[in-house]
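Some notes on the structure that comes next.
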Amino acid sequence: MKKMLSVLLCTAAAACCLTSCGKEIKVDDSTGNSVSESSSASVANFTAPEKGEQIIIMNVKDYGEIKIKLFPEYADKGVENFVELAKKGYYDGLTFHRVIKDFMIQGGDPEGTGRGGESVWGGSFDGGTDSHLIHASGAVAYANSGATSTNGSQFYIVTGTAYDTSQLSQMGLNFSEEATEIYSTIGGAPWLDGGYTVFGQVFEGLDVVYKIQEVATDATDKPAEPVIMESVTVGEYDGEELHWYISDYNK
């Protein structure tokens with residue numbers, strides 16, 4: 001019963017947190033979001049980038065650098081939107097306006113309230129979903145207002161926690177064996193799968209993300225002191241060592 005309560009509390013946290021434009025999130029897939037592959041699709045989150053491949057480099061004031069692999073083959077609109085916004089300098093100076101420990105850090109709203117932001121095309125866009133990309137720890141996805149068709153500029157980076165197989169089975173989703181293994185070891189936010197556009201994965205600087213999730217916050221999960229993205233730019237992977245998992249930083 002305690003384990004089930006934990007799952008329900010996490011689900012409730014997601015419902016009140018991953019929103020934009022002030023609307024409540026629905027964490028199931030009843031909104032008609034498209035999933036392009038079956039739940040048995042292989043997980044692509046930890047696919048090594050090729051040298052010279054386009055990546056995102058995010059510098060967070062007083063915390064450090066985060067590097068993100070992108071997945072245009074599975075989230076073409078989501079990647080295009082983020083890359084083009086970054087090239088415009090859209091995210092420079094914006095904050096992570098919502099932070100929840102053991103869940104995620106959320107940013108990308110020019111208003112800093114969770115109610116603002118827009119896509120590079122103006123307004124919202126539909127990024128869809130693809131089951132090759134899951135909400136593992138370090139995953140990067142768009143916040144929305146109840147469907148992937150309401151994606152804008154707001155995004156979140158998952159920290160999450162690990163769930164055992166009994167907890168996963170009670171979430172009402174059909175996880176592949178590979179996803180089950182990932183969620184039960186490195187963790188994540190599995191109940192969000194199928195409802196949000198995952199488009200990237202942190203491969204360097206996950207320790208920075210985990211430091212940010214420890215900041216003091218108010219009753220609305222807003223950091224007491226601003227956590228500022230000094231710059232978000234588009235770069236190239238230069239072949240450096242990959243550090244996908246938080247355990248990689250604890251050696």
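All residue names refer to the structure tokens as shown: chains lettered A, B, ... in order, residues numbered from 1 in each chain, ligands numbered from 1 in order.
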Item checked: Per-residue DSSP, segment 18-235 of chain A, filtered to alpha helix (DSSP H), as a VMD selection string -> chain A and resid 76 to 87 165 to 169 177 to 185 206 to 212
Give me a file of those residues, with N, CA and C atoms, as a tab-separated table (two decimals), in the first residue's frame.
chain	number	residue	atom	x	y	z
A	76	ASP	N	11.15	14.87	-34.85
A	76	ASP	CA	11.66	15.86	-35.79
A	76	ASP	C	11.17	17.27	-35.48
A	77	LYS	N	9.88	17.44	-35.22
A	77	LYS	CA	9.34	18.77	-34.94
A	77	LYS	C	9.86	19.30	-33.61
A	78	GLY	N	9.95	18.41	-32.63
A	78	GLY	CA	10.45	18.82	-31.32
A	78	GLY	C	11.88	19.29	-31.39
A	79	VAL	N	12.72	18.57	-32.11
A	79	VAL	CA	14.12	18.95	-32.26
A	79	VAL	C	14.24	20.25	-33.05
A	80	GLU	N	13.51	20.34	-34.16
A	80	GLU	CA	13.57	21.56	-34.97
A	80	GLU	C	13.20	22.78	-34.16
A	81	ASN	N	12.14	22.68	-33.37
A	81	ASN	CA	11.69	23.81	-32.57
A	81	ASN	C	12.76	24.25	-31.58
A	82	PHE	N	13.32	23.28	-30.85
A	82	PHE	CA	14.30	23.63	-29.83
A	82	PHE	C	15.57	24.21	-30.44
A	83	VAL	N	16.03	23.60	-31.51
A	83	VAL	CA	17.25	24.06	-32.18
A	83	VAL	C	17.08	25.48	-32.71
A	84	GLU	N	15.96	25.74	-33.37
A	84	GLU	CA	15.75	27.06	-33.95
A	84	GLU	C	15.56	28.13	-32.87
A	85	LEU	N	14.88	27.78	-31.79
A	85	LEU	CA	14.76	28.73	-30.67
A	85	LEU	C	16.13	29.01	-30.07
A	86	ALA	N	16.94	27.97	-29.91
A	86	ALA	CA	18.28	28.16	-29.35
A	86	ALA	C	19.13	29.05	-30.26
A	87	LYS	N	19.04	28.83	-31.56
A	87	LYS	CA	19.81	29.64	-32.50
A	87	LYS	C	19.42	31.12	-32.41
A	165	THR	N	9.10	-3.41	-10.27
A	165	THR	CA	8.19	-3.91	-11.30
A	165	THR	C	6.73	-3.89	-10.86
A	166	SER	N	6.49	-4.09	-9.57
A	166	SER	CA	5.10	-4.06	-9.10
A	166	SER	C	4.52	-2.66	-9.20
A	167	GLN	N	5.33	-1.65	-8.90
A	167	GLN	CA	4.87	-0.27	-9.04
A	167	GLN	C	4.60	0.06	-10.50
A	168	LEU	N	5.48	-0.36	-11.38
A	168	LEU	CA	5.31	-0.10	-12.81
A	168	LEU	C	4.04	-0.76	-13.34
A	169	SER	N	3.76	-1.94	-12.87
A	169	SER	CA	2.57	-2.67	-13.36
A	169	SER	C	1.28	-1.99	-12.93
A	177	GLU	N	10.31	-4.75	-21.86
A	177	GLU	CA	11.27	-5.28	-20.90
A	177	GLU	C	12.44	-4.32	-20.73
A	178	GLU	N	12.87	-3.72	-21.83
A	178	GLU	CA	13.99	-2.79	-21.77
A	178	GLU	C	13.64	-1.55	-20.96
A	179	ALA	N	12.45	-0.99	-21.19
A	179	ALA	CA	12.02	0.18	-20.42
A	179	ALA	C	11.85	-0.16	-18.95
A	180	THR	N	11.30	-1.34	-18.68
A	180	THR	CA	11.13	-1.79	-17.30
A	180	THR	C	12.47	-1.86	-16.59
A	181	GLU	N	13.48	-2.41	-17.27
A	181	GLU	CA	14.81	-2.51	-16.68
A	181	GLU	C	15.38	-1.12	-16.40
A	182	ILE	N	15.19	-0.20	-17.33
A	182	ILE	CA	15.71	1.16	-17.15
A	182	ILE	C	15.02	1.85	-15.97
A	183	TYR	N	13.70	1.77	-15.92
A	183	TYR	CA	12.96	2.44	-14.86
A	183	TYR	C	13.20	1.83	-13.49
A	184	SER	N	13.54	0.56	-13.45
A	184	SER	CA	13.77	-0.09	-12.16
A	184	SER	C	15.22	0.01	-11.69
A	185	THR	N	16.09	0.55	-12.55
A	185	THR	CA	17.49	0.70	-12.16
A	185	THR	C	17.89	2.18	-12.07
A	206	LEU	N	24.56	15.73	-16.14
A	206	LEU	CA	23.39	15.28	-15.37
A	206	LEU	C	23.57	15.62	-13.89
A	207	ASP	N	24.81	15.68	-13.43
A	207	ASP	CA	25.06	16.08	-12.05
A	207	ASP	C	24.61	17.52	-11.81
A	208	VAL	N	24.70	18.36	-12.86
A	208	VAL	CA	24.21	19.74	-12.75
A	208	VAL	C	22.70	19.75	-12.56
A	209	VAL	N	22.01	18.92	-13.35
A	209	VAL	CA	20.55	18.81	-13.24
A	209	VAL	C	20.17	18.37	-11.83
A	210	TYR	N	20.89	17.39	-11.29
A	210	TYR	CA	20.58	16.88	-9.96
A	210	TYR	C	20.89	17.90	-8.87
A	211	LYS	N	21.88	18.75	-9.08
A	211	LYS	CA	22.15	19.83	-8.12
A	211	LYS	C	21.00	20.84	-8.13
A	212	ILE	N	20.53	21.15	-9.32
A	212	ILE	CA	19.43	22.12	-9.44
A	212	ILE	C	18.18	21.62	-8.73
Sorted by chain and rising residue number, which residues of segment 200-220 of chain A lie within 9 Å of segment 240-243 of chain A, and what are their closest atom pairs and distances in Å to one decimal, counting only C-alpha atoms, as JSON lines?
{"residue": "A:Val202", "atom": "CA", "partner": "A:His243", "partner_atom": "CA", "distance": 8.3}
{"residue": "A:Phe203", "atom": "CA", "partner": "A:His243", "partner_atom": "CA", "distance": 5.2}
{"residue": "A:Glu204", "atom": "CA", "partner": "A:His243", "partner_atom": "CA", "distance": 5.3}
{"residue": "A:Gly205", "atom": "CA", "partner": "A:His243", "partner_atom": "CA", "distance": 7.8}
{"residue": "A:Leu206", "atom": "CA", "partner": "A:His243", "partner_atom": "CA", "distance": 7.8}
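In this model, the gap between atom CA of His132 of chain A and atom CA of Glu65 of chain A comes to 26.1 Å.
Restricting the calculation to only C-alpha atoms, the smallest distance between Val99 of chain A and any of A:Ile55, A:Gly114, A:Ala48, A:Gly128 is found for A:Gly114.
Compared by their closest atoms to Gln106 of chain A, and using only C-alpha atoms, the residues A:Leu18, A:Leu94, A:Ala75, A:Val215 rank with A:Leu18 nearest.
Counting only C-alpha atoms and comparing A:Thr197, A:Thr95, A:Asn174, A:Ser137, the residue that lies closest to Ser149 of chain A is A:Thr197.
Here atom CA of Asp193 of chain A is placed at a distance of 12.2 Å from atom CA of Val140 of chain A.
Take atom CA of Asp126 of chain A and atom CA of Pro190 of chain A: the distance between them is 21.0 Å.
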Contacts of Pro49 of chain A within 10 Å, only C-alpha atoms, excl. fewer than 2 positions in-chain, as a PDB file with C-alpha atoms, in the first residue's frame:
ATOM      1  CA  PHE A  46      21.129   6.179 -24.651  1.00  0.00           C
ATOM      2  CA  THR A  47      22.236   5.884 -28.271  1.00  0.00           C
ATOM      3  CA  LYS A  51      31.189  12.792 -33.885  1.00  0.00           C
ATOM      4  CA  GLY A  52      30.092  16.077 -35.426  1.00  0.00           C
ATOM      5  CA  GLU A  53      26.426  15.412 -34.604  1.00  0.00           C
ATOM      6  CA  GLN A  54      24.321  18.421 -33.607  1.00  0.00           C
ATOM      7  CA  ILE A  55      23.831  18.784 -29.843  1.00  0.00           C
ATOM      8  CA  ILE A  68      21.971  17.157 -24.691  1.00  0.00           C
ATOM      9  CA  LYS A  69      21.787  14.595 -27.495  1.00  0.00           C
ATOM     10  CA  LEU A  70      18.905  15.201 -29.910  1.00  0.00           C
ATOM     11  CA  PHE A  71      16.700  12.664 -31.704  1.00  0.00           C
ATOM     12  CA  PHE A 203      24.829  12.910 -21.878  1.00  0.00           C
ATOM     13  CA  GLU A 236      28.609  19.606 -32.291  1.00  0.00           C
ATOM     14  CA  TYR A 237      29.569  16.440 -30.435  1.00  0.00           C
ATOM     15  CA  ASP A 238      33.346  16.226 -30.421  1.00  0.00           C
ATOM     16  CA  GLY A 239      33.692  12.602 -29.370  1.00  0.00           C
ATOM     17  CA  LEU A 242      29.563   9.995 -22.417  1.00  0.00           C
TER      18      LEU A 242
END
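Distances to Ser176 of chain A were evaluated for A:Tyr245, A:Ser131, A:Thr217, A:Lys61 using only C-alpha atoms, and the minimum falls at A:Ser131.
Proximity to Thr113 of chain A was assessed for A:Asn144, A:Gln201, A:Thr159, A:Gln154 counting only C-alpha atoms; the smallest distance is recorded for A:Gln154.
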Checklist line | Spatial neighbours of Ile186 of chain A, 10 Å, only C-alpha atoms, chain gap at least 6 places, as a PyMOL selection string | finding: chain A and resi 136-138+159-163+244-247
Note to self: From the options A:Asn250, A:Gly194, A:Ser231, A:Ala189, which residue's atoms come nearest to Gly89 of chain A, counting only C-alpha atoms?
What the structure shows: A:Ser231
Pick out each residue of segment 24-245 of chain A that DSSP on the backbone tags as strand (DSSP E or B); I need them as a CSV table (one decimal) with C-alpha atoms, in the first residue's frame.
chain,number,residue,atom,x,y,z
A,35,VAL,CA,2.5,7.0,-30.6
A,54,GLN,CA,24.3,18.4,-33.6
A,55,ILE,CA,23.8,18.8,-29.8
A,56,ILE,CA,22.5,21.4,-27.4
A,57,ILE,CA,24.9,23.0,-24.9
A,58,MET,CA,23.2,24.7,-21.9
A,59,ASN,CA,25.2,26.8,-19.5
A,60,VAL,CA,23.4,27.4,-16.2
A,64,GLY,CA,27.6,24.4,-14.8
A,65,GLU,CA,27.2,23.0,-18.3
A,66,ILE,CA,24.6,20.5,-19.6
A,67,LYS,CA,25.0,18.7,-23.0
A,68,ILE,CA,22.0,17.2,-24.7
A,69,LYS,CA,21.8,14.6,-27.5
A,70,LEU,CA,18.9,15.2,-29.9
A,95,THR,CA,15.0,30.4,-15.7
A,96,PHE,CA,14.1,27.0,-14.5
A,97,HIS,CA,10.8,28.2,-13.0
A,98,ARG,CA,9.6,24.9,-11.5
A,99,VAL,CA,11.8,22.4,-9.7
A,100,ILE,CA,10.6,19.2,-8.0
A,104,MET,CA,12.2,17.1,-12.9
A,105,ILE,CA,13.3,20.7,-13.5
A,106,GLN,CA,11.2,22.8,-15.9
A,107,GLY,CA,12.1,26.0,-17.8
A,125,PHE,CA,2.9,22.9,-32.3
A,129,THR,CA,5.4,10.9,-29.2
A,136,ALA,CA,14.3,7.9,-18.2
A,139,ALA,CA,15.3,12.7,-20.7
A,140,VAL,CA,14.4,16.1,-22.1
A,141,ALA,CA,10.8,16.7,-23.2
A,142,TYR,CA,8.2,19.5,-23.8
A,151,ASN,CA,3.8,22.1,-27.1
A,155,PHE,CA,10.6,22.0,-21.5
A,156,TYR,CA,11.7,19.8,-18.6
A,157,ILE,CA,14.6,17.5,-17.8
A,158,VAL,CA,13.7,14.4,-15.8
A,161,THR,CA,13.4,7.9,-9.1
A,188,GLY,CA,12.8,8.3,-14.3
A,198,VAL,CA,10.6,13.5,-25.5
A,199,PHE,CA,13.2,14.9,-27.9
A,200,GLY,CA,16.6,14.7,-26.1
A,201,GLN,CA,18.8,13.0,-23.5
A,202,VAL,CA,21.5,14.5,-21.2
A,203,PHE,CA,24.8,12.9,-21.9
A,204,GLU,CA,27.0,15.3,-19.9
A,217,THR,CA,11.5,26.3,-3.6
A,223,PRO,CA,13.1,28.3,-6.8
A,228,ILE,CA,19.2,31.0,-14.8
A,229,MET,CA,20.2,29.6,-18.2
A,230,GLU,CA,22.9,32.0,-19.2
A,231,SER,CA,23.1,30.5,-22.7
A,232,VAL,CA,21.5,27.7,-24.7
A,233,THR,CA,23.4,27.1,-28.0
A,234,VAL,CA,23.7,24.6,-30.8
A,235,GLY,CA,27.0,22.8,-31.0
A,236,GLU,CA,28.6,19.6,-32.3
